[in-house]
Amino acid sequence: MTYRAPVEDILFAMRHVAGLDQGIASGLYADLSDGMAEAVLEEAAKFAETRIAPLNRGGDKETSRLVDGSVVTPKGFKEAYTDWAAGGWAGVAAEPAHGGQGLPILLNIGCTELWNAANLAFALNPLLTMGAIEALTAHGSEHLQKTYLEKMISGEWTGTMNLTEPQAGSDLALLTSRAERNGDGTYRIFGQKIFITYGDHDMTGNIVHLVLARLPDAPPGTRGISLFVVPKFIPNADGTPGERNDVRCHALEHKLGIHASPTATMIFGDNGGAIGWLVGEENKGLACMFTMMNNARLGVGVQGVAVADRAYQQALAYAQERKQGKAVGAGATSPIVEHPDVKRMLIEMRSKTAAARAICLMTAAALDRYHRLEGAEAKAAHEEASLLTPVAKAFSTDIGVEVASLGVQIHGGMGFVEETGAAQHYRDARILPIYEGTNGIQAIDLVTRKLPLSEGRTVKAVLGRYARTVDAARAINHPTFARIGQRLEEGLAALNRATDFMLASLATKPNDALAGATPYLRLFGLVAGGAYLADQALAAHAGLGAGETDPRHATRIADARFFAENLVTAASGLETTILEGADSVNMAWAAE
């Protein structure tokens with residue numbers, strides 16, 4: 001099925017949820033005036049639709065392969081990447097001082113959705129490179145920035161993130177990869193890393209690995225982790241790739257999905273140690289790496305949106321063509337899209353996708369305010385972005401799986417076989433709640449680290465904005481908006497009570513807070529998504545009142561009502577689980 005980039009939907013959410021128009025008017029987004037955002041997204045859409053999307057099915061079947069110690073990517077990937085990089089897409093939001101365009105993160109996130117919807121396995125490589133660029137920009141020495149950033153921002157070289165080891169998983173305190181000082185400012189790196197996305201490939205002339213390792217005299221635990229740049233080829237003085245470093249791809253994983261993306265086991269130091277350069281300070285590498293990880297977590301959330309939108313498009317097309325049974329009042333066999341239960345599944349797919357997209361765009365907008373404002377405004381924006389990031393990552397990737405699963409369901413038996421391609425979306429989506437910090441870890445991060453920001457004032461400020469949306473919906477004299485406002489008000493009340501419970505429990509009963517963390521994040525995502533969809537519905541209603549004829553306005557209002565009446569209604573049950581479920585978790589475990 002042909003992919004259609006949802007440029008209009010992304011732009012509408014940018015304008016009416018993420019504040020694009022206000023940002024242009026205030027000067028925050030002065031660089032997006034005169035139709036810049038529209039022009040960039042349209043060009044990104046063309047490349048996504050015509051160059052990347054056609055490689056998706058073939059790449060899934062062919063897979064990346066390890067041949068004579070080197071990784072070969074599927075047919076067409078190298079050429080498409082070369083043209084993608086030549087278009088300047090790797091540097092959309094990167095610093096102009098190093099060759100980037102310096103455009104807002106909000107716009108880059110819109111482009112990121114298009115790349116990932118077109119071909120998730122392809123887009124993983126640029127996504128991690130962008131995170132590596134941000135880490136080096138924030139923490140790299142002048143020498144490292146001069147050596148690597150221009151090449152990475154141009155797309156000539158790519159980057160990776162090397163954290164996980166066989167014995168460690170998500171517990172970085174257990175890392176055993178080691179680093180030894182050479183005495184000349186360089187280090188020798190030894191160890192094994194697993195699950196390294198694009199750890200090796202044939203698409204660029206060099207690969208810049210960011211690697212966590214321990215020095216011999218490092219303190220135990222996460223306090224003793226340092227971060228190093230370890231290139232595949234050590235750059236020559238003129239910047240060209242030089243001698244091969246002591247790092248190699250040992251094997252590729254055979255995975256459930258994202259087959260075209262090489263997931264590598266990397267070995268450092270077979271022959272005396274891989275040469276590396278310190279990023280930041282010794283024993284403070286985790287803070288540097290978290291710069292990259294936070295960037296990647298928002299990107300992975302966008303991947304959830306992307307695969308959900310792709311699955312929805314395919315399911316809708318199938319439902320419009322597939323005839324089976326007779327709809328009520330029909331005289332002949334009907335397309336299944338006319339059956340109420342299929343309609344229900346389709347609007348659930350569509351509304352969940354729109355809600356997750358809005359959450360991700362709001363997170364990006366908060367990051368832009370943090371980078372572009374100063375003082376108290378920047379601090380508040382940073383805390384809001386910090387609060388929303390685990391929600392964007394976890395809620396959106398859960399939605400990606402749920403929507404892709406519904407897509408298989410709508411296809412019926414044809415969804416369970418590979419012929420239609422619906423199964424690939426589900427297989428590809430299933431990794432998203434796992435990597436870059438499992439969604440359980442995101443929930444714990446939200447509850448234990450982000451809710452207490454500014455003694456709870458940050459989360460209360462965000463919930464206060466949702467309350468104003470509720471008031472705006474209820475102020476419209478229309479039954480649809482009355483129902484939206486009522487259900488959102490009930491959901492928001494449940495979220496406020498659950499938030500108070502979490503903040504109190506952290507100090508007195510931390511295990512109760514941890515047991516309820518995942519349902520709390522789900523509750524937060526549902527209310528946030530419902531509020532942002534209501535914002536879009538209010539804007540659509542205003543547009544219709546002003547005489548606009550955009551047919552999508554009716555869809556936006558319908559999505560907000562469906563989400564509020566069918567999904568936000570789970571809030572009361574989630575609240576009960578959060579407030580009362582901890583004992584049952586502990587009791588069930590004790591029974592084992």
# chains A, B, ... in the order shown; residues from 1 in each chain; ligands from 1
$ residues_around --residues "Gly304 in chain A" --least-positions-apart "2" --cutoff "8 Å" --atoms "only C-alpha atoms" --output "PyMOL selection string"
chain A and resi 300-302+306-308+396-401+429+432
$ write_last_selection --atoms "N, CA and C atoms" --output "PDB file, in the first residue's frame"
ATOM      1  N   VAL A 300      11.898   7.976  19.795  1.00  0.00           N
ATOM      2  CA  VAL A 300      11.234   6.669  19.806  1.00  0.00           C
ATOM      3  C   VAL A 300       9.728   6.844  19.999  1.00  0.00           C
ATOM      4  N   GLY A 301       9.316   7.814  20.829  1.00  0.00           N
ATOM      5  CA  GLY A 301       7.896   8.106  20.941  1.00  0.00           C
ATOM      6  C   GLY A 301       7.302   8.454  19.586  1.00  0.00           C
ATOM      7  N   VAL A 302       8.025   9.261  18.821  1.00  0.00           N
ATOM      8  CA  VAL A 302       7.573   9.619  17.480  1.00  0.00           C
ATOM      9  C   VAL A 302       7.513   8.390  16.581  1.00  0.00           C
ATOM     10  N   ALA A 306       4.497   7.173  14.268  1.00  0.00           N
ATOM     11  CA  ALA A 306       4.720   6.908  12.848  1.00  0.00           C
ATOM     12  C   ALA A 306       4.178   5.542  12.423  1.00  0.00           C
ATOM     13  N   VAL A 307       4.517   4.513  13.170  1.00  0.00           N
ATOM     14  CA  VAL A 307       4.054   3.182  12.780  1.00  0.00           C
ATOM     15  C   VAL A 307       2.551   3.058  12.972  1.00  0.00           C
ATOM     16  N   ALA A 308       1.997   3.780  13.957  1.00  0.00           N
ATOM     17  CA  ALA A 308       0.550   3.779  14.143  1.00  0.00           C
ATOM     18  C   ALA A 308      -0.146   4.414  12.944  1.00  0.00           C
ATOM     19  N   SER A 396       3.202   6.813  23.693  1.00  0.00           N
ATOM     20  CA  SER A 396       3.162   6.781  22.228  1.00  0.00           C
ATOM     21  C   SER A 396       3.602   5.434  21.675  1.00  0.00           C
ATOM     22  N   THR A 397       4.568   4.790  22.308  1.00  0.00           N
ATOM     23  CA  THR A 397       5.002   3.489  21.797  1.00  0.00           C
ATOM     24  C   THR A 397       4.003   2.389  22.160  1.00  0.00           C
ATOM     25  N   ASP A 398       3.356   2.508  23.328  1.00  0.00           N
ATOM     26  CA  ASP A 398       2.254   1.587  23.620  1.00  0.00           C
ATOM     27  C   ASP A 398       1.149   1.742  22.572  1.00  0.00           C
ATOM     28  N   ILE A 399       0.853   2.989  22.221  1.00  0.00           N
ATOM     29  CA  ILE A 399      -0.153   3.254  21.202  1.00  0.00           C
ATOM     30  C   ILE A 399       0.280   2.650  19.867  1.00  0.00           C
ATOM     31  N   GLY A 400       1.553   2.760  19.538  1.00  0.00           N
ATOM     32  CA  GLY A 400       2.039   2.174  18.293  1.00  0.00           C
ATOM     33  C   GLY A 400       1.731   0.697  18.197  1.00  0.00           C
ATOM     34  N   VAL A 401       1.968  -0.040  19.276  1.00  0.00           N
ATOM     35  CA  VAL A 401       1.687  -1.473  19.304  1.00  0.00           C
ATOM     36  C   VAL A 401       0.185  -1.734  19.230  1.00  0.00           C
ATOM     37  N   ALA A 429       6.645  -2.540  15.402  1.00  0.00           N
ATOM     38  CA  ALA A 429       6.253  -1.701  16.536  1.00  0.00           C
ATOM     39  C   ALA A 429       6.610  -2.322  17.877  1.00  0.00           C
ATOM     40  N   LEU A 432       9.391  -0.994  20.195  1.00  0.00           N
ATOM     41  CA  LEU A 432       9.391   0.394  20.635  1.00  0.00           C
ATOM     42  C   LEU A 432       9.166   0.565  22.137  1.00  0.00           C
TER      43      LEU A 432
END
$ residues_around --residues "Thr176 in chain A" --least-positions-apart "5" --cutoff "9 Å" --atoms "only C-alpha atoms" --output "number ranges by chain"
A: 165, 167-168, 191-192, 213-214
$ residues_around --residues "range 352-368 of chain A" --least-positions-apart "2" --cutoff "7 Å" --atoms "only C-alpha atoms" --output "NGL selection string"
:A and (13-14 or 17-18 or 104-106 or 298 or 301-302 or 305 or 308-309 or 348-350 or 370-372 or 381-382 or 384-385 or 388-389 or 392 or 396 or 399 or 529-530 or 532-533)
$ closest_atom_pairs --of "range 223-287 of chain A" --to "range 74-98 of chain A" --cutoff "12 Å" --atoms "only C-alpha atoms" --output "CSV"
residue,atom,partner,partner_atom,distance
A:Ile258,CA,A:Pro74,CA,11.9
A:His259,CA,A:Pro74,CA,9.6
A:Ala260,CA,A:Pro74,CA,6.5
A:Ser261,CA,A:Pro74,CA,9.1
A:Pro262,CA,A:Pro74,CA,10.0
$ write_last_selection --atoms "N, CA and C atoms" --output "PDB file, in the first residue's frame"
ATOM      1  N   ILE A 258      11.825  -4.943  12.491  1.00  0.00           N
ATOM      2  CA  ILE A 258      12.870  -4.040  11.990  1.00  0.00           C
ATOM      3  C   ILE A 258      14.047  -4.832  11.399  1.00  0.00           C
ATOM      4  N   HIS A 259      13.724  -5.777  10.525  1.00  0.00           N
ATOM      5  CA  HIS A 259      14.732  -6.674   9.977  1.00  0.00           C
ATOM      6  C   HIS A 259      15.826  -5.953   9.205  1.00  0.00           C
ATOM      7  N   ALA A 260      15.483  -4.863   8.548  1.00  0.00           N
ATOM      8  CA  ALA A 260      16.481  -4.179   7.729  1.00  0.00           C
ATOM      9  C   ALA A 260      17.476  -3.392   8.561  1.00  0.00           C
ATOM     10  N   SER A 261      17.139  -3.109   9.813  1.00  0.00           N
ATOM     11  CA  SER A 261      18.044  -2.388  10.701  1.00  0.00           C
ATOM     12  C   SER A 261      19.006  -3.373  11.359  1.00  0.00           C
ATOM     13  N   PRO A 262      20.313  -3.238  11.123  1.00  0.00           N
ATOM     14  CA  PRO A 262      21.263  -4.175  11.735  1.00  0.00           C
ATOM     15  C   PRO A 262      21.429  -3.914  13.226  1.00  0.00           C
TER      16      PRO A 262
END
$ atom_distance --atom1 "CA of Leu492 in chain A" --atom2 "CA of Asp445 in chain A"
21.0 Å
$ residues_around --residues "range 494-501 of chain A" --least-positions-apart "6" --cutoff "12 Å" --atoms "only C-alpha atoms" --output "PyMOL selection string"
chain A and resi 446-448+450-452+455-464+466-467+487-488+507-510+512-514+516-517+519-528+568-580
$ closest_residue --among "A:Lys193, A:Lys232, A:His339, A:His139" --to "Thr158 in chain A" --atoms "only C-alpha atoms"
A:Lys232
$ residues_around --residues "Leu256 in chain A" --least-positions-apart "2" --cutoff "10 Å" --atoms "only C-alpha atoms" --output "ChimeraX atom specification"
/A:253-254,258-259,424,426-431
$ write_last_selection --atoms "C-alpha atoms" --output "compact mmCIF listing (two decimals), in the first residue's frame"
# COMPACT_ATOMS: atom_id res chain seq x y z
CA GLU A 253 20.54 -10.34 15.97
CA HIS A 254 17.69 -12.23 14.26
CA ILE A 258 12.87 -4.04 11.99
CA HIS A 259 14.73 -6.67 9.98
CA GLN A 424 5.20 -6.07 9.54
CA TYR A 426 2.98 -4.98 14.32
CA ARG A 427 6.35 -6.76 14.34
CA ASP A 428 8.25 -3.52 13.86
CA ALA A 429 6.25 -1.70 16.54
CA ARG A 430 6.84 -4.30 19.24
CA ILE A 431 10.40 -3.21 19.97
$ atom_distance --atom1 "CA of Arg556 in chain A" --atom2 "CA of Ala540 in chain A"
6.8 Å
$ closest_residue --among "A:Glu8, A:Glu374, A:Tyr3, A:Gly413" --to "Thr50 in chain A" --atoms "only C-alpha atoms"
A:Tyr3
$ closest_residue --among "A:His250, A:Lys393, A:Arg552, A:Arg468" --to "Asp68 in chain A" --atoms "only C-alpha atoms"
A:His250
$ closest_residue --among "A:Ala472, A:Asn236, A:Ile444, A:Ala493" --to "Ala542 in chain A" --atoms "only C-alpha atoms"
A:Ala472
$ select_by_dssp --residues "range 426-474 of chain A" --states "alpha helix (DSSP H)" --output "list in words"
Tyr426, Arg427, Asp428, Ala429, Asn439, Gly440, Ile441, Gln442, Ala443, Ile444, Asp445, Arg457, Thr458, Val459, Lys460, Ala461, Val462, Leu463, Gly464, Arg465, Tyr466, Ala467, Arg468, Thr469, Val470, Asp471, Ala472, Ala473 and Arg474 of chain A
$ write_last_selection --atoms "N, CA and C atoms" --output "JSON list (two decimals), in the first residue's frame"
[["chain", "number", "residue", "atom", "x", "y", "z"],
["A", 426, "TYR", "N", 3.09, -4.47, 12.94],
["A", 426, "TYR", "CA", 2.98, -4.98, 14.32],
["A", 426, "TYR", "C", 4.33, -5.50, 14.80],
["A", 427, "ARG", "N", 5.04, -6.25, 13.95],
["A", 427, "ARG", "CA", 6.35, -6.76, 14.34],
["A", 427, "ARG", "C", 7.33, -5.63, 14.60],
["A", 428, "ASP", "N", 7.33, -4.65, 13.70],
["A", 428, "ASP", "CA", 8.25, -3.52, 13.86],
["A", 428, "ASP", "C", 7.93, -2.73, 15.13],
["A", 429, "ALA", "N", 6.65, -2.54, 15.40],
["A", 429, "ALA", "CA", 6.25, -1.70, 16.54],
["A", 429, "ALA", "C", 6.61, -2.32, 17.88],
["A", 439, "ASN", "N", 9.26, 0.79, 28.87],
["A", 439, "ASN", "CA", 8.19, 1.68, 29.30],
["A", 439, "ASN", "C", 7.94, 1.62, 30.80],
["A", 440, "GLY", "N", 8.27, 0.50, 31.43],
["A", 440, "GLY", "CA", 8.21, 0.45, 32.89],
["A", 440, "GLY", "C", 9.21, 1.40, 33.52],
["A", 441, "ILE", "N", 10.40, 1.48, 32.93],
["A", 441, "ILE", "CA", 11.41, 2.43, 33.42],
["A", 441, "ILE", "C", 10.94, 3.86, 33.21],
["A", 442, "GLN", "N", 10.28, 4.12, 32.08],
["A", 442, "GLN", "CA", 9.75, 5.46, 31.83],
["A", 442, "GLN", "C", 8.72, 5.84, 32.89],
["A", 443, "ALA", "N", 7.87, 4.89, 33.25],
["A", 443, "ALA", "CA", 6.86, 5.15, 34.27],
["A", 443, "ALA", "C", 7.50, 5.45, 35.63],
["A", 444, "ILE", "N", 8.52, 4.68, 35.98],
["A", 444, "ILE", "CA", 9.23, 4.93, 37.24],
["A", 444, "ILE", "C", 9.90, 6.30, 37.21],
["A", 445, "ASP", "N", 10.50, 6.64, 36.06],
["A", 445, "ASP", "CA", 11.13, 7.95, 35.92],
["A", 445, "ASP", "C", 10.11, 9.07, 36.09],
["A", 457, "ARG", "N", 5.10, 21.56, 41.49],
["A", 457, "ARG", "CA", 4.46, 22.69, 40.81],
["A", 457, "ARG", "C", 4.47, 22.52, 39.29],
["A", 458, "THR", "N", 5.47, 21.82, 38.77],
["A", 458, "THR", "CA", 5.55, 21.64, 37.32],
["A", 458, "THR", "C", 4.37, 20.82, 36.82],
["A", 459, "VAL", "N", 4.12, 19.68, 37.45],
["A", 459, "VAL", "CA", 3.01, 18.84, 37.00],
["A", 459, "VAL", "C", 1.68, 19.55, 37.22],
["A", 460, "LYS", "N", 1.56, 20.29, 38.31],
["A", 460, "LYS", "CA", 0.30, 20.99, 38.57],
["A", 460, "LYS", "C", 0.05, 22.08, 37.54],
["A", 461, "ALA", "N", 1.13, 22.71, 37.06],
["A", 461, "ALA", "CA", 0.97, 23.73, 36.03],
["A", 461, "ALA", "C", 0.47, 23.12, 34.73],
["A", 462, "VAL", "N", 1.01, 21.96, 34.39],
["A", 462, "VAL", "CA", 0.56, 21.27, 33.18],
["A", 462, "VAL", "C", -0.89, 20.84, 33.32],
["A", 463, "LEU", "N", -1.25, 20.28, 34.45],
["A", 463, "LEU", "CA", -2.64, 19.87, 34.66],
["A", 463, "LEU", "C", -3.57, 21.08, 34.68],
["A", 464, "GLY", "N", -3.06, 22.22, 35.12],
["A", 464, "GLY", "CA", -3.86, 23.43, 35.09],
["A", 464, "GLY", "C", -4.20, 23.85, 33.66],
["A", 465, "ARG", "N", -3.28, 23.64, 32.74],
["A", 465, "ARG", "CA", -3.57, 23.95, 31.33],
["A", 465, "ARG", "C", -4.64, 23.02, 30.78],
["A", 466, "TYR", "N", -4.60, 21.75, 31.21],
["A", 466, "TYR", "CA", -5.65, 20.83, 30.77],
["A", 466, "TYR", "C", -7.00, 21.28, 31.32],
["A", 467, "ALA", "N", -7.02, 21.82, 32.53],
["A", 467, "ALA", "CA", -8.27, 22.30, 33.11],
["A", 467, "ALA", "C", -8.84, 23.46, 32.29],
["A", 468, "ARG", "N", -7.97, 24.31, 31.78],
["A", 468, "ARG", "CA", -8.44, 25.43, 30.97],
["A", 468, "ARG", "C", -9.03, 24.93, 29.65],
["A", 469, "THR", "N", -8.47, 23.85, 29.10],
["A", 469, "THR", "CA", -9.06, 23.25, 27.91],
["A", 469, "THR", "C", -10.45, 22.71, 28.20],
["A", 470, "VAL", "N", -10.59, 22.06, 29.35],
["A", 470, "VAL", "CA", -11.90, 21.55, 29.77],
["A", 470, "VAL", "C", -12.90, 22.70, 29.85],
["A", 471, "ASP", "N", -12.50, 23.79, 30.46],
["A", 471, "ASP", "CA", -13.40, 24.94, 30.59],
["A", 471, "ASP", "C", -13.79, 25.48, 29.22],
["A", 472, "ALA", "N", -12.83, 25.52, 28.31],
["A", 472, "ALA", "CA", -13.13, 26.04, 26.97],
["A", 472, "ALA", "C", -14.11, 25.14, 26.24],
["A", 473, "ALA", "N", -13.96, 23.82, 26.41],
["A", 473, "ALA", "CA", -14.88, 22.90, 25.75],
["A", 473, "ALA", "C", -16.29, 23.03, 26.33],
["A", 474, "ARG", "N", -16.39, 23.15, 27.62],
["A", 474, "ARG", "CA", -17.71, 23.22, 28.27],
["A", 474, "ARG", "C", -18.39, 24.56, 28.01]]
$ closest_residue --among "A:Glu402, A:Glu419, A:Glu436, A:Glu377" --to "Met289 in chain A" --atoms "only C-alpha atoms"
A:Glu436
$ select_by_dssp --residues "range 68-274 of chain A" --states "strand (DSSP E or B)" --output "ChimeraX atom specification"
/A:70-72,158-162,178-181,186-197,207-214,226-231,233-235,241-244,247-252,263-268,274
$ decode --residues "range 108-203 of chain A" --atoms "C-alpha atoms" --output "PDB file, in the first residue's frame"
ATOM      1  CA  ASN A 108      12.546  18.207  13.141  1.00  0.00           C
ATOM      2  CA  ILE A 109      10.119  15.991  15.082  1.00  0.00           C
ATOM      3  CA  GLY A 110       7.554  16.456  12.308  1.00  0.00           C
ATOM      4  CA  CYS A 111      10.142  15.304   9.770  1.00  0.00           C
ATOM      5  CA  THR A 112      11.142  12.424  12.040  1.00  0.00           C
ATOM      6  CA  GLU A 113       7.577  11.099  11.990  1.00  0.00           C
ATOM      7  CA  LEU A 114       7.613  11.059   8.191  1.00  0.00           C
ATOM      8  CA  TRP A 115      10.918   9.179   7.932  1.00  0.00           C
ATOM      9  CA  ASN A 116       9.837   6.561  10.444  1.00  0.00           C
ATOM     10  CA  ALA A 117       6.354   6.049   9.022  1.00  0.00           C
ATOM     11  CA  ALA A 118       7.859   5.532   5.596  1.00  0.00           C
ATOM     12  CA  ASN A 119      10.479   3.056   6.788  1.00  0.00           C
ATOM     13  CA  LEU A 120      11.119   2.527  10.488  1.00  0.00           C
ATOM     14  CA  ALA A 121      14.186   0.336   9.962  1.00  0.00           C
ATOM     15  CA  PHE A 122      15.828   2.901   7.683  1.00  0.00           C
ATOM     16  CA  ALA A 123      15.062   5.869   9.942  1.00  0.00           C
ATOM     17  CA  LEU A 124      16.654   4.315  13.020  1.00  0.00           C
ATOM     18  CA  ASN A 125      20.103   5.201  11.712  1.00  0.00           C
ATOM     19  CA  PRO A 126      19.457   8.962  11.426  1.00  0.00           C
ATOM     20  CA  LEU A 127      17.534   9.003  14.709  1.00  0.00           C
ATOM     21  CA  LEU A 128      20.487   7.740  16.739  1.00  0.00           C
ATOM     22  CA  THR A 129      22.927   9.921  14.832  1.00  0.00           C
ATOM     23  CA  MET A 130      20.917  13.000  15.775  1.00  0.00           C
ATOM     24  CA  GLY A 131      21.115  11.957  19.414  1.00  0.00           C
ATOM     25  CA  ALA A 132      24.883  11.505  19.157  1.00  0.00           C
ATOM     26  CA  ILE A 133      25.173  14.946  17.570  1.00  0.00           C
ATOM     27  CA  GLU A 134      23.314  16.493  20.493  1.00  0.00           C
ATOM     28  CA  ALA A 135      25.516  14.703  23.045  1.00  0.00           C
ATOM     29  CA  LEU A 136      28.740  15.864  21.371  1.00  0.00           C
ATOM     30  CA  THR A 137      27.378  19.383  20.940  1.00  0.00           C
ATOM     31  CA  ALA A 138      26.555  19.574  24.655  1.00  0.00           C
ATOM     32  CA  HIS A 139      29.527  17.738  26.144  1.00  0.00           C
ATOM     33  CA  GLY A 140      32.274  17.190  23.565  1.00  0.00           C
ATOM     34  CA  SER A 141      35.584  19.029  23.667  1.00  0.00           C
ATOM     35  CA  GLU A 142      36.458  21.527  20.960  1.00  0.00           C
ATOM     36  CA  HIS A 143      38.693  18.882  19.368  1.00  0.00           C
ATOM     37  CA  LEU A 144      35.902  16.288  19.257  1.00  0.00           C
ATOM     38  CA  GLN A 145      33.389  18.767  17.935  1.00  0.00           C
ATOM     39  CA  LYS A 146      35.750  19.931  15.216  1.00  0.00           C
ATOM     40  CA  THR A 147      36.623  16.350  14.263  1.00  0.00           C
ATOM     41  CA  TYR A 148      33.187  14.788  14.183  1.00  0.00           C
ATOM     42  CA  LEU A 149      30.243  17.168  14.247  1.00  0.00           C
ATOM     43  CA  GLU A 150      30.463  18.587  10.743  1.00  0.00           C
ATOM     44  CA  LYS A 151      30.732  15.099   9.236  1.00  0.00           C
ATOM     45  CA  MET A 152      27.823  13.789  11.329  1.00  0.00           C
ATOM     46  CA  ILE A 153      25.603  16.818  10.728  1.00  0.00           C
ATOM     47  CA  SER A 154      26.180  16.520   6.990  1.00  0.00           C
ATOM     48  CA  GLY A 155      25.234  12.841   7.199  1.00  0.00           C
ATOM     49  CA  GLU A 156      28.624  11.803   5.861  1.00  0.00           C
ATOM     50  CA  TRP A 157      29.228   9.837   9.081  1.00  0.00           C
ATOM     51  CA  THR A 158      26.690   8.271  11.437  1.00  0.00           C
ATOM     52  CA  GLY A 159      26.606   7.711  15.187  1.00  0.00           C
ATOM     53  CA  THR A 160      25.658   4.938  17.605  1.00  0.00           C
ATOM     54  CA  MET A 161      24.934   4.529  21.301  1.00  0.00           C
ATOM     55  CA  ASN A 162      26.783   1.660  23.039  1.00  0.00           C
ATOM     56  CA  LEU A 163      25.296   1.045  26.485  1.00  0.00           C
ATOM     57  CA  THR A 164      23.916  -2.442  26.890  1.00  0.00           C
ATOM     58  CA  GLU A 165      25.991  -5.482  27.840  1.00  0.00           C
ATOM     59  CA  PRO A 166      24.881  -9.116  28.204  1.00  0.00           C
ATOM     60  CA  GLN A 167      24.954  -9.079  32.003  1.00  0.00           C
ATOM     61  CA  ALA A 168      23.681  -5.520  32.465  1.00  0.00           C
ATOM     62  CA  GLY A 169      20.571  -4.869  30.395  1.00  0.00           C
ATOM     63  CA  SER A 170      19.003  -1.656  31.665  1.00  0.00           C
ATOM     64  CA  ASP A 171      21.060  -1.675  34.888  1.00  0.00           C
ATOM     65  CA  LEU A 172      24.041   0.423  33.832  1.00  0.00           C
ATOM     66  CA  ALA A 173      25.610   0.030  37.260  1.00  0.00           C
ATOM     67  CA  LEU A 174      26.605  -3.484  36.142  1.00  0.00           C
ATOM     68  CA  LEU A 175      28.631  -2.389  33.113  1.00  0.00           C
ATOM     69  CA  THR A 176      32.047  -4.051  32.858  1.00  0.00           C
ATOM     70  CA  SER A 177      33.520  -2.576  29.642  1.00  0.00           C
ATOM     71  CA  ARG A 178      36.750  -0.942  30.662  1.00  0.00           C
ATOM     72  CA  ALA A 179      38.922   1.951  29.565  1.00  0.00           C
ATOM     73  CA  GLU A 180      42.641   2.435  30.128  1.00  0.00           C
ATOM     74  CA  ARG A 181      44.494   5.742  29.923  1.00  0.00           C
ATOM     75  CA  ASN A 182      47.178   5.942  27.253  1.00  0.00           C
ATOM     76  CA  GLY A 183      48.874   8.986  28.757  1.00  0.00           C
ATOM     77  CA  ASP A 184      48.455  11.074  25.616  1.00  0.00           C
ATOM     78  CA  GLY A 185      44.829  12.081  26.108  1.00  0.00           C
ATOM     79  CA  THR A 186      43.458   8.969  24.452  1.00  0.00           C
ATOM     80  CA  TYR A 187      42.119   5.772  26.003  1.00  0.00           C
ATOM     81  CA  ARG A 188      41.990   2.107  25.083  1.00  0.00           C
ATOM     82  CA  ILE A 189      38.526   0.540  25.263  1.00  0.00           C
ATOM     83  CA  PHE A 190      37.817  -3.139  25.914  1.00  0.00           C
ATOM     84  CA  GLY A 191      34.502  -4.927  26.156  1.00  0.00           C
ATOM     85  CA  GLN A 192      31.361  -6.242  24.509  1.00  0.00           C
ATOM     86  CA  LYS A 193      28.158  -4.337  23.754  1.00  0.00           C
ATOM     87  CA  ILE A 194      24.917  -5.865  22.557  1.00  0.00           C
ATOM     88  CA  PHE A 195      21.774  -4.606  20.791  1.00  0.00           C
ATOM     89  CA  ILE A 196      23.683  -1.804  19.046  1.00  0.00           C
ATOM     90  CA  THR A 197      21.477  -0.328  16.343  1.00  0.00           C
ATOM     91  CA  TYR A 198      23.417   0.241  13.120  1.00  0.00           C
ATOM     92  CA  GLY A 199      26.587  -0.793  14.963  1.00  0.00           C
ATOM     93  CA  ASP A 200      27.976  -1.569  11.532  1.00  0.00           C
ATOM     94  CA  HIS A 201      26.664  -0.866   8.030  1.00  0.00           C
ATOM     95  CA  ASP A 202      27.729   0.073   4.509  1.00  0.00           C
ATOM     96  CA  MET A 203      25.840   3.371   4.152  1.00  0.00           C
TER      97      MET A 203
END
